[in-house]
$ cat input.cif   # mmCIF, C-alpha atoms and all ligand atoms
data_entry
#
loop_
_atom_site.label_atom_id
_atom_site.label_comp_id
_atom_site.auth_asym_id
_atom_site.auth_seq_id
_atom_site.Cartn_x
_atom_site.Cartn_y
_atom_site.Cartn_z
CA MET A 216 28.20 80.09 105.76
CA THR A 217 30.63 77.97 107.74
CA MET A 218 33.85 79.76 108.52
CA ALA A 219 37.18 78.53 109.80
CA ASN A 220 37.99 79.17 113.46
CA ILE A 221 40.91 81.59 113.25
CA THR A 222 41.72 81.35 116.98
CA ARG A 223 42.15 77.59 116.62
CA LEU A 224 44.29 77.91 113.46
CA ARG A 225 46.47 80.42 115.22
CA LYS A 226 46.87 78.33 118.36
CA ASN A 227 47.98 75.28 116.34
CA ILE A 228 50.47 77.24 114.24
CA GLU A 229 51.91 79.11 117.22
CA THR A 230 52.27 75.92 119.25
CA LEU A 231 54.15 74.25 116.40
CA LYS A 232 56.32 77.33 115.99
CA ALA A 233 57.56 76.83 119.56
CA ILE A 234 58.56 73.21 118.85
CA SER A 235 61.98 74.04 117.44
CA GLU A 236 65.69 73.48 117.85
CA PRO A 237 67.33 76.57 119.31
CA CYS A 238 67.87 78.98 116.40
CA ASN A 239 67.92 82.62 115.47
CA GLY A 240 64.31 83.63 116.12
CA GLY A 241 62.78 81.18 113.66
CA VAL A 242 61.78 77.53 113.55
CA THR A 243 64.11 74.59 112.94
CA ARG A 244 62.34 71.25 112.76
CA ILE A 245 64.20 68.98 110.38
CA GLY A 246 62.75 65.61 109.34
CA PHE A 247 63.69 62.49 111.35
CA THR A 248 64.95 64.45 114.40
CA PRO A 249 63.54 64.28 117.98
CA LYS A 250 62.12 67.82 117.51
CA TYR A 251 60.36 66.71 114.37
CA ARG A 252 58.90 63.78 116.30
CA GLU A 253 57.71 66.21 119.00
CA GLY A 254 55.95 68.34 116.35
CA VAL A 255 54.38 65.29 114.76
CA GLU A 256 53.10 63.98 118.11
CA TYR A 257 51.47 67.37 118.77
CA ILE A 258 49.67 67.23 115.41
CA LYS A 259 48.63 63.62 115.94
CA CYS A 260 47.17 64.63 119.29
CA GLN A 261 45.24 67.47 117.61
CA MET A 262 44.01 65.05 114.95
CA ARG A 263 42.73 62.62 117.59
CA GLU A 264 41.01 65.45 119.44
CA ALA A 265 39.27 66.31 116.18
CA GLY A 266 37.99 62.74 116.01
CA LEU A 267 40.34 61.56 113.26
CA ASP A 268 41.84 58.10 113.05
CA VAL A 269 45.62 58.62 113.06
CA VAL A 270 48.16 56.49 111.19
CA GLU A 271 51.79 56.96 110.30
CA ASP A 272 53.47 55.36 107.29
CA ASP A 273 56.81 53.61 107.30
CA ILE A 274 58.69 56.68 106.02
CA GLY A 275 57.14 59.05 108.60
CA ASN A 276 54.28 60.75 106.74
CA ILE A 277 51.21 61.05 108.98
CA TYR A 278 47.51 60.80 108.17
CA GLY A 279 44.41 61.79 110.11
CA ARG A 280 41.40 60.05 108.57
CA LEU A 281 37.81 61.16 108.73
CA ALA A 282 35.80 58.18 107.46
CA GLY A 283 33.43 58.76 104.57
CA LYS A 284 30.02 57.13 104.08
CA ASN A 285 31.34 54.86 101.37
CA PRO A 286 34.62 53.11 102.29
CA GLN A 287 34.91 51.70 98.73
CA LEU A 288 35.51 55.16 97.30
CA PRO A 289 39.03 56.58 96.90
CA ALA A 290 40.09 59.11 99.55
CA ILE A 291 40.38 62.89 99.25
CA LEU A 292 43.78 63.98 100.59
CA SER A 293 44.69 67.43 101.81
CA GLY A 294 47.75 68.68 103.62
CA SER A 295 51.36 69.71 103.16
CA HIS A 296 54.71 69.22 104.93
CA LEU A 297 55.64 69.50 108.60
CA ASP A 298 59.42 69.86 108.27
CA THR A 299 61.24 73.18 107.94
CA VAL A 300 64.54 74.52 106.65
CA ARG A 301 66.94 75.88 109.30
CA ASN A 302 65.68 79.04 111.01
CA ALA A 303 62.48 79.02 108.96
CA GLY A 304 59.19 80.84 109.36
CA ALA A 305 56.18 79.30 111.05
CA PHE A 306 53.92 78.90 107.99
CA ASP A 307 55.71 77.16 105.12
CA GLY A 308 54.07 73.73 104.82
CA ILE A 309 52.58 73.83 108.30
CA ALA A 310 49.77 76.18 107.15
CA GLY A 311 48.54 73.52 104.70
CA VAL A 312 48.42 70.78 107.33
CA ILE A 313 46.64 72.94 109.89
CA ALA A 314 44.14 74.25 107.30
CA ALA A 315 43.24 70.68 106.28
CA LEU A 316 42.90 69.71 109.95
CA GLU A 317 40.58 72.68 110.47
CA VAL A 318 38.46 71.54 107.50
CA ALA A 319 38.04 68.16 109.20
CA ARG A 320 36.99 69.91 112.41
CA MET A 321 34.52 72.13 110.51
CA LEU A 322 32.95 69.07 108.86
CA ARG A 323 32.50 67.33 112.21
CA GLU A 324 31.06 70.43 113.85
CA ASN A 325 28.54 70.72 111.03
CA ASN A 326 27.69 67.02 111.26
CA ILE A 327 28.69 66.57 107.64
CA GLN A 328 29.91 63.14 106.64
CA LEU A 329 31.48 63.15 103.20
CA ASP A 330 30.93 60.23 100.82
CA HIS A 331 34.70 59.94 100.49
CA THR A 332 37.12 59.53 103.35
CA LEU A 333 39.06 62.72 103.99
CA GLU A 334 42.72 62.22 104.89
CA VAL A 335 44.66 65.10 106.44
CA VAL A 336 48.27 64.45 105.50
CA GLY A 337 51.55 65.75 106.95
CA PHE A 338 54.49 64.95 104.68
CA ILE A 339 57.99 64.45 106.08
CA GLU A 340 61.21 65.99 104.71
CA GLU A 341 59.80 68.09 101.89
CA GLU A 342 62.58 70.64 102.30
CA GLY A 343 65.29 68.00 102.02
CA THR A 344 67.32 69.46 104.89
CA GLN A 345 68.21 66.07 106.43
CA PHE A 346 69.28 64.15 103.32
CA GLY A 347 69.61 66.81 100.63
CA ILE A 348 66.67 65.23 98.77
CA VAL A 349 63.59 67.43 98.47
CA LEU A 350 60.03 66.04 98.60
CA LEU A 351 61.28 62.82 100.16
CA GLY A 352 58.07 61.80 101.98
CA SER A 353 55.76 62.23 99.00
CA ARG A 354 58.21 60.49 96.66
CA PHE A 355 57.91 57.37 98.83
CA ILE A 356 54.12 57.63 98.53
CA THR A 357 54.20 57.59 94.73
CA GLY A 358 56.80 54.83 94.60
CA GLU A 359 59.58 56.94 93.09
CA PHE A 360 61.61 55.82 96.13
CA THR A 361 61.21 52.45 97.83
CA GLU A 362 62.74 50.50 100.70
CA GLU A 363 65.64 49.72 98.37
CA ASP A 364 66.69 53.35 98.73
CA TYR A 365 66.97 53.16 102.55
CA ASP A 366 70.70 52.36 102.43
CA ARG A 367 71.46 54.51 99.39
CA ILE A 368 70.19 57.77 100.90
CA SER A 369 72.50 59.25 103.54
CA ASN A 370 73.08 62.58 105.25
CA GLU A 371 76.26 64.63 105.67
CA SER A 372 77.23 62.67 108.80
CA GLY A 373 77.07 59.44 106.80
CA GLU A 374 73.92 58.16 108.52
CA THR A 375 71.63 56.32 106.13
CA LEU A 376 67.89 56.77 105.89
CA ARG A 377 67.59 53.29 107.44
CA ASP A 378 69.67 54.42 110.48
CA ARG A 379 67.57 57.55 110.90
CA LEU A 380 64.30 55.65 110.54
CA GLN A 381 65.36 53.25 113.29
CA ALA A 382 66.08 56.13 115.65
CA TYR A 383 62.89 57.93 114.60
CA SER A 384 60.41 55.03 114.56
CA SER A 385 56.97 55.28 116.13
CA ASP A 386 55.00 52.82 118.31
CA ASN A 387 51.83 53.79 116.53
CA LYS A 388 49.98 52.08 113.74
CA VAL A 389 52.32 52.01 110.77
CA ILE A 390 51.18 51.49 107.18
CA PRO A 391 53.29 51.14 103.99
CA ALA A 392 54.10 54.56 102.47
CA ARG A 393 53.35 53.49 98.91
CA ARG A 394 49.87 54.37 97.65
CA GLN A 395 48.34 52.95 94.50
CA PRO A 396 46.84 55.19 91.82
CA GLY A 397 43.08 54.85 92.09
CA THR A 398 43.09 54.93 95.89
CA ILE A 399 43.27 58.74 95.90
CA LYS A 400 40.49 60.78 94.28
CA ALA A 401 42.26 64.13 94.65
CA PHE A 402 45.08 65.81 96.50
CA ILE A 403 44.72 69.46 97.40
CA GLU A 404 47.43 71.53 99.07
CA LEU A 405 47.12 74.96 100.65
CA HIS A 406 50.46 76.76 100.92
CA ASP A 407 51.70 80.29 101.44
CA GLU A 408 52.68 81.91 98.16
CA GLN A 409 56.31 82.48 99.22
CA GLY A 410 56.30 85.44 96.85
CA PRO A 411 54.80 88.97 96.80
CA LEU A 412 52.33 88.73 93.89
CA LEU A 413 49.05 88.20 95.78
CA GLU A 414 49.88 90.97 98.21
CA ASN A 415 50.78 93.35 95.36
CA THR A 416 47.61 92.63 93.39
CA HIS A 417 45.38 92.52 96.50
CA SER A 418 44.13 89.05 95.62
CA ASP A 419 42.84 86.74 98.34
CA ILE A 420 43.80 83.44 96.75
CA GLY A 421 46.28 82.21 94.13
CA ILE A 422 45.20 79.23 92.07
CA VAL A 423 48.28 77.41 90.88
CA ASP A 424 48.28 76.67 87.15
CA ASN A 425 51.52 74.79 87.16
CA ILE A 426 54.69 74.22 89.08
CA VAL A 427 57.53 75.61 87.02
CA ALA A 428 60.03 73.87 84.79
CA ILE A 429 63.50 73.97 86.32
CA GLY A 430 66.74 73.81 84.37
CA GLN A 431 69.98 73.59 86.31
CA MET A 432 73.40 74.18 84.81
CA VAL A 433 77.01 74.44 85.86
CA VAL A 434 79.35 76.82 84.05
CA ASN A 435 83.11 76.18 84.14
CA VAL A 436 85.47 78.92 82.97
CA HIS A 437 89.12 77.97 82.38
CA GLY A 438 91.65 80.78 82.32
CA PHE A 439 95.32 81.01 83.23
CA ALA A 440 96.67 81.91 86.67
CA GLY A 441 99.24 84.66 87.13
CA HIS A 442 100.64 87.23 89.51
CA ALA A 443 98.24 90.06 90.32
CA GLY A 444 101.03 92.61 89.98
CA THR A 445 103.11 91.47 87.03
CA VAL A 446 100.75 90.35 84.27
CA PRO A 447 99.47 93.39 82.30
CA MET A 448 95.69 93.79 82.20
CA THR A 449 95.60 93.33 78.42
CA MET A 450 97.48 90.02 78.51
CA ARG A 451 95.35 88.14 81.03
CA GLN A 452 93.15 85.10 80.72
CA ASP A 453 91.18 85.95 83.83
CA ALA A 454 88.54 83.30 84.54
CA GLY A 455 86.98 85.49 87.24
CA VAL A 456 86.41 88.45 84.93
CA ALA A 457 84.97 86.21 82.23
CA GLY A 458 82.70 84.43 84.73
CA ASN A 459 81.43 87.73 86.10
CA LEU A 460 80.80 89.15 82.65
CA LEU A 461 78.86 86.07 81.60
CA ALA A 462 76.88 86.02 84.87
CA THR A 463 75.92 89.68 84.43
CA ARG A 464 74.91 89.27 80.77
CA LEU A 465 72.75 86.22 81.52
CA THR A 466 70.98 87.92 84.40
CA GLN A 467 70.33 91.05 82.33
CA TYR A 468 68.99 88.96 79.44
CA VAL A 469 66.36 87.34 81.66
CA ILE A 470 65.44 90.68 83.26
CA ASP A 471 64.98 92.30 79.81
CA ARG A 472 63.32 89.46 77.97
CA TYR A 473 61.30 87.58 80.63
CA PRO A 474 60.77 90.02 83.50
CA GLU A 475 57.64 88.24 84.75
CA THR A 476 57.83 84.79 83.22
CA ALA A 477 61.24 83.40 84.14
CA THR A 478 63.91 83.56 86.84
CA LEU A 479 67.63 82.94 86.67
CA THR A 480 69.64 82.54 89.87
CA ILE A 481 73.36 82.15 90.39
CA GLY A 482 73.48 80.64 93.85
CA LYS A 483 77.08 79.44 93.91
CA PHE A 484 80.09 81.23 92.51
CA HIS A 485 83.57 79.88 93.07
CA LEU A 486 87.02 81.16 92.05
CA GLU A 487 90.38 79.36 92.07
CA PRO A 488 93.06 79.52 93.34
CA GLY A 489 91.14 82.06 95.46
CA SER A 490 93.89 84.30 96.75
CA ALA A 491 93.94 88.08 96.69
CA ASN A 492 97.20 88.33 94.72
CA CYS A 493 96.40 85.71 92.08
CA ILE A 494 94.59 86.01 88.75
CA PRO A 495 91.81 83.39 88.92
CA CYS A 496 92.51 80.43 86.63
CA GLU A 497 89.15 78.75 87.24
CA CYS A 498 85.64 80.04 87.79
CA ARG A 499 82.70 77.76 88.42
CA PHE A 500 79.12 78.85 88.96
CA THR A 501 75.64 77.38 89.03
CA LEU A 502 72.52 78.47 87.16
CA ASP A 503 68.96 77.75 88.26
CA ILE A 504 66.50 78.69 85.50
CA ARG A 505 62.74 78.52 86.08
CA SER A 506 59.59 79.25 84.13
CA GLY A 507 56.01 78.01 83.84
CA LYS A 508 56.86 77.25 80.19
CA ALA A 509 59.47 74.60 79.44
CA ALA A 510 60.18 76.31 76.08
CA ILE A 511 61.31 79.48 77.87
CA VAL A 512 63.72 77.53 80.07
CA GLN A 513 65.07 75.82 76.93
CA GLU A 514 65.47 79.15 75.17
CA ILE A 515 67.46 80.58 78.11
CA ILE A 516 69.65 77.45 78.18
CA SER A 517 70.42 78.00 74.47
CA TYR A 518 71.24 81.63 75.20
CA VAL A 519 73.62 80.53 78.00
CA GLN A 520 75.41 78.29 75.49
CA SER A 521 75.74 80.90 72.74
CA GLU A 522 76.70 83.71 75.12
CA SER A 523 79.38 81.47 76.67
CA ILE A 524 81.04 81.15 73.27
CA GLU A 525 80.89 84.92 72.84
CA VAL A 526 82.34 85.69 76.30
CA ALA A 527 85.05 83.00 75.93
CA ARG A 528 86.21 84.66 72.70
CA HIS A 529 86.07 88.13 74.19
CA CYS A 530 88.06 87.18 77.33
CA SER A 531 90.47 84.64 75.78
CA VAL A 532 89.31 81.84 78.09
CA ALA A 533 87.57 78.50 77.55
CA ILE A 534 84.00 78.06 78.85
CA GLU A 535 82.15 74.80 79.27
CA THR A 536 78.46 74.66 80.12
CA GLU A 537 76.78 71.55 81.47
CA GLU A 538 73.05 70.99 81.88
CA THR A 539 72.85 69.07 85.16
CA SER A 540 69.09 68.60 85.36
CA PHE A 541 65.87 69.52 83.64
CA LYS A 542 62.45 69.13 85.21
CA GLU A 543 59.35 69.58 83.08
CA PRO A 544 56.63 71.82 84.52
CA VAL A 545 53.83 69.99 86.34
CA GLU A 546 50.33 71.12 85.37
CA MET A 547 47.72 71.17 88.11
CA ASP A 548 44.41 69.40 87.42
CA GLY A 549 42.00 71.52 85.34
CA THR A 550 38.83 70.25 87.02
CA LEU A 551 40.20 70.92 90.50
CA LYS A 552 41.34 74.41 89.46
CA GLY A 553 37.77 75.11 88.28
CA ILE A 554 36.42 73.88 91.62
CA ILE A 555 38.78 76.15 93.58
CA LYS A 556 37.64 79.09 91.43
CA SER A 557 33.98 78.47 92.17
CA ALA A 558 34.81 77.95 95.86
CA CYS A 559 36.50 81.38 95.88
CA GLU A 560 33.46 82.93 94.22
CA GLU A 561 31.12 81.31 96.75
CA CYS A 562 33.25 82.72 99.56
CA ASN A 563 33.21 86.15 97.85
CA LEU A 564 36.97 86.17 97.56
CA THR A 565 39.19 87.33 94.72
CA TRP A 566 41.62 84.97 93.06
CA GLN A 567 44.24 84.94 90.36
CA PRO A 568 45.98 82.17 88.43
CA MET A 569 49.72 81.86 88.90
CA SER A 570 52.73 79.60 88.41
CA SER A 571 54.52 78.24 91.46
CA GLY A 572 58.22 78.99 91.26
CA ALA A 573 58.89 76.62 94.15
CA GLY A 574 58.47 72.85 94.12
CA HIS A 575 55.75 71.34 96.31
CA ASP A 576 54.47 67.91 97.34
CA ALA A 577 51.50 68.51 95.00
CA MET A 578 53.81 68.11 91.98
CA ILE A 579 54.76 64.63 93.21
CA MET A 580 51.22 63.66 94.17
CA ALA A 581 50.11 64.70 90.65
CA GLY A 582 51.87 61.50 89.51
CA ILE A 583 49.21 59.27 91.12
CA SER A 584 46.16 61.51 91.56
CA ARG A 585 44.41 64.65 90.42
CA ALA A 586 46.27 67.40 92.28
CA ALA A 587 45.85 71.14 92.78
CA MET A 588 47.15 73.92 94.99
CA LEU A 589 45.86 77.14 96.40
CA PHE A 590 48.13 79.88 97.65
CA VAL A 591 47.42 82.34 100.43
CA PRO A 592 49.23 85.69 100.67
CA CYS A 593 52.55 85.93 102.45
CA VAL A 594 53.62 89.34 103.77
CA GLN A 595 56.21 90.91 101.43
CA GLY A 596 56.82 87.46 99.99
CA ILE A 597 59.21 86.68 102.84
CA THR A 598 59.78 82.96 103.33
CA HIS A 599 62.46 80.56 104.62
CA HIS A 600 62.99 83.32 107.16
CA PRO A 601 61.73 83.91 110.74
CA ALA A 602 59.69 86.91 109.52
CA GLU A 603 57.51 84.76 107.23
CA CYS A 604 53.86 85.68 107.90
CA ILE A 605 50.40 84.80 106.62
CA PRO A 606 47.97 87.34 108.13
CA TRP A 607 45.51 85.35 110.29
CA GLU A 608 42.54 86.71 108.38
CA ASP A 609 44.07 85.39 105.13
CA MET A 610 44.73 82.06 106.79
CA GLY A 611 41.02 81.94 107.62
CA LYS A 612 39.99 82.85 104.06
CA GLY A 613 42.27 80.18 102.59
CA THR A 614 40.83 77.57 104.95
CA ASP A 615 37.27 78.59 104.00
CA VAL A 616 38.12 78.08 100.32
CA LEU A 617 39.75 74.73 101.11
CA TYR A 618 36.61 73.64 103.02
CA ASN A 619 34.30 74.56 100.14
CA THR A 620 36.68 72.99 97.63
CA ILE A 621 36.70 69.67 99.51
CA LEU A 622 32.89 69.66 99.74
CA LYS A 623 32.72 70.14 95.97
CA ILE A 624 35.34 67.47 95.26
CA ASP A 625 33.27 65.06 97.36
CA ARG A 626 30.31 65.66 95.03
CA LEU A 627 32.44 65.34 91.87
ZN ZN B 1 56.72 74.40 101.68
#
$ encode --input "input.cif" --output "structure tokens"
Amino acid sequence: MTMANITRLRKNIETLKAISEPCNGGVTRIGFTPKYREGVEYIKCQMREAGLDVVEDDIGNIYGRLAGKNPQLPAILSGSHLDTVRNAGAFDGIAGVIAALEVARMLRENNIQLDHTLEVVGFIEEEGTQFGIVLLGSRFITGEFTEEDYDRISNESGETLRDRLQAYSSDNKVIPARRQPGTIKAFIELHDEQGPLLENTHSDIGIVDNIVAIGQMVVNVHGFAGHAGTVPMTMRQDAGVAGNLLATRLTQYVIDRYPETATLTIGKFHLEPGSANCIPCECRFTLDIRSGKAAIVQEIISYVQSESIEVARHCSVAIETEETSFKEPVEMDGTLKGIIKSACEECNLTWQPMSSGAGHDAMIMAGISRAAMLFVPCVQGITHHPAECIPWEDMGKGTDVLYNTILKIDRL
């Protein structure tokens, strides 16, 4: 059986790891920067060496194409993103691009020409570090964003996407980012799990069922300011105490009721006036609620609302809750999931179904194509951190499954 070349995978990933802004032991390669361009040029060079025809689109996604026997057929796409968060690990996104590139190399070495063209894709700005908009590259592919958004999207320094694109532009062949449904047969993304489940259950591969529903809320608590030393404890309308009580009750509720099926995160917590000798008059915090089931997210949102009323009464404050966004879960394609399963079995590897708690380009690509994802283990679930690690052997196993999956999709 054909196996991925682990030495080659490792060399590509380690070379890319070194293409980074100076940072604290990790990798920083943010979309539309000179470092990002350097990383992209390295990958393009690797794609050409593998015999692929390289094109870049007008938003900065790159493609390495391995022509199929029948150019009329829609293409099979595989890849992930090439940008990172600040001080990231070396695997998030990059692993999926390099695995797809390795599949193309394996096909060529075995003299296999697929019926469909295989396109190895590297998406730009999935992490949203440059413009605060996640999944930017793939959203231009599906048409959710268009050239009309070039002047609307800007970064913290006030530079627009149009400005950045001018500075970033390439001399290479450039095609329009937008792809039409029907031109893509399937999109398949390998990614590290970014969680500890596969490692804990000793599974080789995670087959993603869906990418979770995400509800985001802001909670505003209005109390009454006062002197820390003169207002008796029983006469206060302390927004900080009420906010903390509510935050603790909500967290405990999710731990007790949905220990494995939902998450609730309070990532921002702000008190006003914010001085040591003042009773807080305002407390504002965010809630990020995720689950593979939209109904669970909705149920937690209802609980947030009812518990807010309860805590407001108990603490003599006013509490407002606002639902700022709600994203439905995105189901991965059933046929492709079945194909990944049989590819795992052929490779003699164990697998388990799972939800993805993080968003991925695959959820955007699912809007114009069949899409699926396979996860490979990630040591201790550490991610967005310099210590992020996919053991090389697991990287090889994941690539073997991807190779077999793509062969099967070609015959579909
Ligand atoms: Zn990623």
$ closest_residue --input "input.cif" --among "A:Ala573, A:Cys493, A:Ile399, A:Leu281" --to "ligand ZN 1 (chain B)" --atoms "only C-alpha atoms and all ligand atoms"
A:Ala573
$ residues_around --input "input.cif" --residues "A:Glu525" --least-positions-apart "6" --cutoff "12 Å" --atoms "only C-alpha atoms" --output "short mmCIF file (atom, residue, chain, number, x, y, z; two decimals) with C-alpha atoms, in the coordinates of the input"
data_model
loop_
_atom_site.label_atom_id
_atom_site.label_comp_id
_atom_site.auth_asym_id
_atom_site.auth_seq_id
_atom_site.Cartn_x
_atom_site.Cartn_y
_atom_site.Cartn_z
CA ALA A 457 84.97 86.21 82.23
CA LEU A 460 80.80 89.15 82.65
CA LEU A 461 78.86 86.07 81.60
CA ARG A 464 74.91 89.27 80.77
CA LEU A 465 72.75 86.22 81.52
CA TYR A 518 71.24 81.63 75.20
CA VAL A 519 73.62 80.53 78.00
CA SER A 531 90.47 84.64 75.78
CA VAL A 532 89.31 81.84 78.09
CA ALA A 533 87.57 78.50 77.55
CA ILE A 534 84.00 78.06 78.85
#
$ closest_residue --input "input.cif" --among "A:Lys623, A:Arg367, A:Arg223, A:Arg244" --to "A:Arg320" --atoms "only C-alpha atoms"
A:Arg223
$ closest_residue --input "input.cif" --among "A:Gly311, A:Pro249, A:Gly489, A:Pro544" --to "A:Ile429" --atoms "all atoms listed in the file"
A:Pro544
$ closest_residue --input "input.cif" --among "A:Leu486, A:Val335, A:Leu405, A:Leu322" --to "ligand ZN 1 (chain B)" --atoms "only C-alpha atoms and all ligand atoms"
A:Leu405
$ closest_residue --input "input.cif" --among "A:Ala428, A:Met569, A:Ala314, A:Val349" --to "ligand ZN 1 (chain B)" --atoms "all atoms listed in the file"
A:Val349
$ closest_residue --input "input.cif" --among "A:Glu342, A:Glu317, A:Glu546, A:Asp364" --to "ligand ZN 1 (chain B)" --atoms "all atoms listed in the file"
A:Glu342
$ residues_near_ligand --input "input.cif" --ligand "ligand ZN 1 (chain B)" --cutoff "12 Å" --atoms "all atoms listed in the file" --output "MDAnalysis selection string"
chainID A and resid 294:300 303:312 337:343 349:350 404:409 571:578 588 590 598:599 603
$ atom_distance --input "input.cif" --atom1 "atom CA of A:Gly455" --atom2 "atom CA of A:His485"
8.8 Å
$ residues_around --input "input.cif" --residues "A:Lys259" --least-positions-apart "4" --cutoff "8 Å" --atoms "all atoms listed in the file" --output "PDB file with C-alpha atoms, in the frame of the given file"
ATOM      1  CA  VAL A 255      54.380  65.290 114.760  1.00  0.00           C
ATOM      2  CA  ARG A 263      42.730  62.620 117.590  1.00  0.00           C
ATOM      3  CA  VAL A 269      45.620  58.620 113.060  1.00  0.00           C
ATOM      4  CA  ILE A 277      51.210  61.050 108.980  1.00  0.00           C
ATOM      5  CA  GLY A 279      44.410  61.790 110.110  1.00  0.00           C
TER       6      GLY A 279
END
$ residues_around --input "input.cif" --residues "A:Ala586" --least-positions-apart "2" --cutoff "10 Å" --atoms "all atoms listed in the file" --output "list of chain:residue names"
A:Leu292, A:Ser293, A:Ile399, A:Lys400, A:Ala401, A:Phe402, A:Ile403, A:Glu404, A:Val545, A:Glu546, A:Met547, A:Asp548, A:Gly549, A:Thr550, A:Leu551, A:Lys552, A:Asp576, A:Ala577, A:Met578, A:Ile579, A:Met580, A:Ala581, A:Gly582, A:Ile583, A:Ser584, A:Met588
$ atom_distance --input "input.cif" --atom1 "atom CA of A:Pro601" --atom2 "atom CA of A:Pro474"
27.9 Å
$ atom_distance --input "input.cif" --atom1 "atom CA of A:Leu267" --atom2 "atom CA of A:Asn220"
17.8 Å
$ residues_near_point --input "input.cif" --point "(42.1, 79.8, 94.9)" --cutoff "6 Å" --atoms "only C-alpha atoms" --output "PDB file with C-alpha atoms, in the frame of the given file"
ATOM      1  CA  ILE A 420      43.800  83.440  96.750  1.00  0.00           C
ATOM      2  CA  GLY A 421      46.280  82.210  94.130  1.00  0.00           C
ATOM      3  CA  ILE A 422      45.200  79.230  92.070  1.00  0.00           C
ATOM      4  CA  ILE A 555      38.780  76.150  93.580  1.00  0.00           C
ATOM      5  CA  LYS A 556      37.640  79.090  91.430  1.00  0.00           C
ATOM      6  CA  CYS A 559      36.500  81.380  95.880  1.00  0.00           C
ATOM      7  CA  TRP A 566      41.620  84.970  93.060  1.00  0.00           C
ATOM      8  CA  LEU A 589      45.860  77.140  96.400  1.00  0.00           C
TER       9      LEU A 589
END
$ residues_near_point --input "input.cif" --point "(100.8, 86.9, 88.3)" --cutoff "10 Å" --atoms "only C-alpha atoms" --output "PDB file with C-alpha atoms, keeping the file's coordinate frame"
ATOM      1  CA  PHE A 439      95.320  81.010  83.230  1.00  0.00           C
ATOM      2  CA  ALA A 440      96.670  81.910  86.670  1.00  0.00           C
ATOM      3  CA  GLY A 441      99.240  84.660  87.130  1.00  0.00           C
ATOM      4  CA  HIS A 442     100.640  87.230  89.510  1.00  0.00           C
ATOM      5  CA  ALA A 443      98.240  90.060  90.320  1.00  0.00           C
ATOM      6  CA  GLY A 444     101.030  92.610  89.980  1.00  0.00           C
ATOM      7  CA  THR A 445     103.110  91.470  87.030  1.00  0.00           C
ATOM      8  CA  VAL A 446     100.750  90.350  84.270  1.00  0.00           C
ATOM      9  CA  PRO A 447      99.470  93.390  82.300  1.00  0.00           C
ATOM     10  CA  ARG A 451      95.350  88.140  81.030  1.00  0.00           C
ATOM     11  CA  ASN A 492      97.200  88.330  94.720  1.00  0.00           C
ATOM     12  CA  CYS A 493      96.400  85.710  92.080  1.00  0.00           C
ATOM     13  CA  ILE A 494      94.590  86.010  88.750  1.00  0.00           C
ATOM     14  CA  PRO A 495      91.810  83.390  88.920  1.00  0.00           C
TER      15      PRO A 495
END
$ residues_around --input "input.cif" --residues "A:Leu502" --least-positions-apart "6" --cutoff "7 Å" --atoms "only C-alpha atoms" --output "list in words"
Gln431, Met432, Val433, Leu479, Thr480 and Ile481 of chain A
$ residues_around --input "input.cif" --residues "A:Lys226" --least-positions-apart "2" --cutoff "12 Å" --atoms "only C-alpha atoms" --output "JSON list (two decimals) with C-alpha atoms, in the coordinates of the input"
[["chain", "number", "residue", "atom", "x", "y", "z"],
["A", 220, "ASN", "CA", 37.99, 79.17, 113.46],
["A", 221, "ILE", "CA", 40.91, 81.59, 113.25],
["A", 222, "THR", "CA", 41.72, 81.35, 116.98],
["A", 223, "ARG", "CA", 42.15, 77.59, 116.62],
["A", 224, "LEU", "CA", 44.29, 77.91, 113.46],
["A", 228, "ILE", "CA", 50.47, 77.24, 114.24],
["A", 229, "GLU", "CA", 51.91, 79.11, 117.22],
["A", 230, "THR", "CA", 52.27, 75.92, 119.25],
["A", 231, "LEU", "CA", 54.15, 74.25, 116.40],
["A", 232, "LYS", "CA", 56.32, 77.33, 115.99],
["A", 233, "ALA", "CA", 57.56, 76.83, 119.56],
["A", 257, "TYR", "CA", 51.47, 67.37, 118.77],
["A", 258, "ILE", "CA", 49.67, 67.23, 115.41],
["A", 261, "GLN", "CA", 45.24, 67.47, 117.61],
["A", 305, "ALA", "CA", 56.18, 79.30, 111.05],
["A", 310, "ALA", "CA", 49.77, 76.18, 107.15],
["A", 313, "ILE", "CA", 46.64, 72.94, 109.89],
["A", 317, "GLU", "CA", 40.58, 72.68, 110.47],
["A", 607, "TRP", "CA", 45.51, 85.35, 110.29]]
$ decode --input "input.cif" --residues "stretch 359-363 of chain A" --atoms "N, CA and C atoms" --output "CSV table (one decimal), in the first residue's frame"
chain,number,residue,atom,x,y,z
A,359,GLU,N,-19.6,35.0,-0.7
A,359,GLU,CA,-20.2,35.7,0.5
A,359,GLU,C,-19.6,37.1,0.5
A,360,PHE,N,-18.3,37.2,0.2
A,360,PHE,CA,-17.7,38.5,0.0
A,360,PHE,C,-17.3,38.7,-1.5
A,361,THR,N,-17.3,39.9,-1.9
A,361,THR,CA,-16.9,40.2,-3.3
A,361,THR,C,-16.1,41.5,-3.3
A,362,GLU,N,-15.7,41.9,-4.5
A,362,GLU,CA,-14.8,43.0,-4.7
A,362,GLU,C,-15.4,44.3,-4.0
A,363,GLU,N,-16.7,44.3,-3.9
A,363,GLU,CA,-17.4,45.4,-3.3
A,363,GLU,C,-17.0,45.6,-1.8
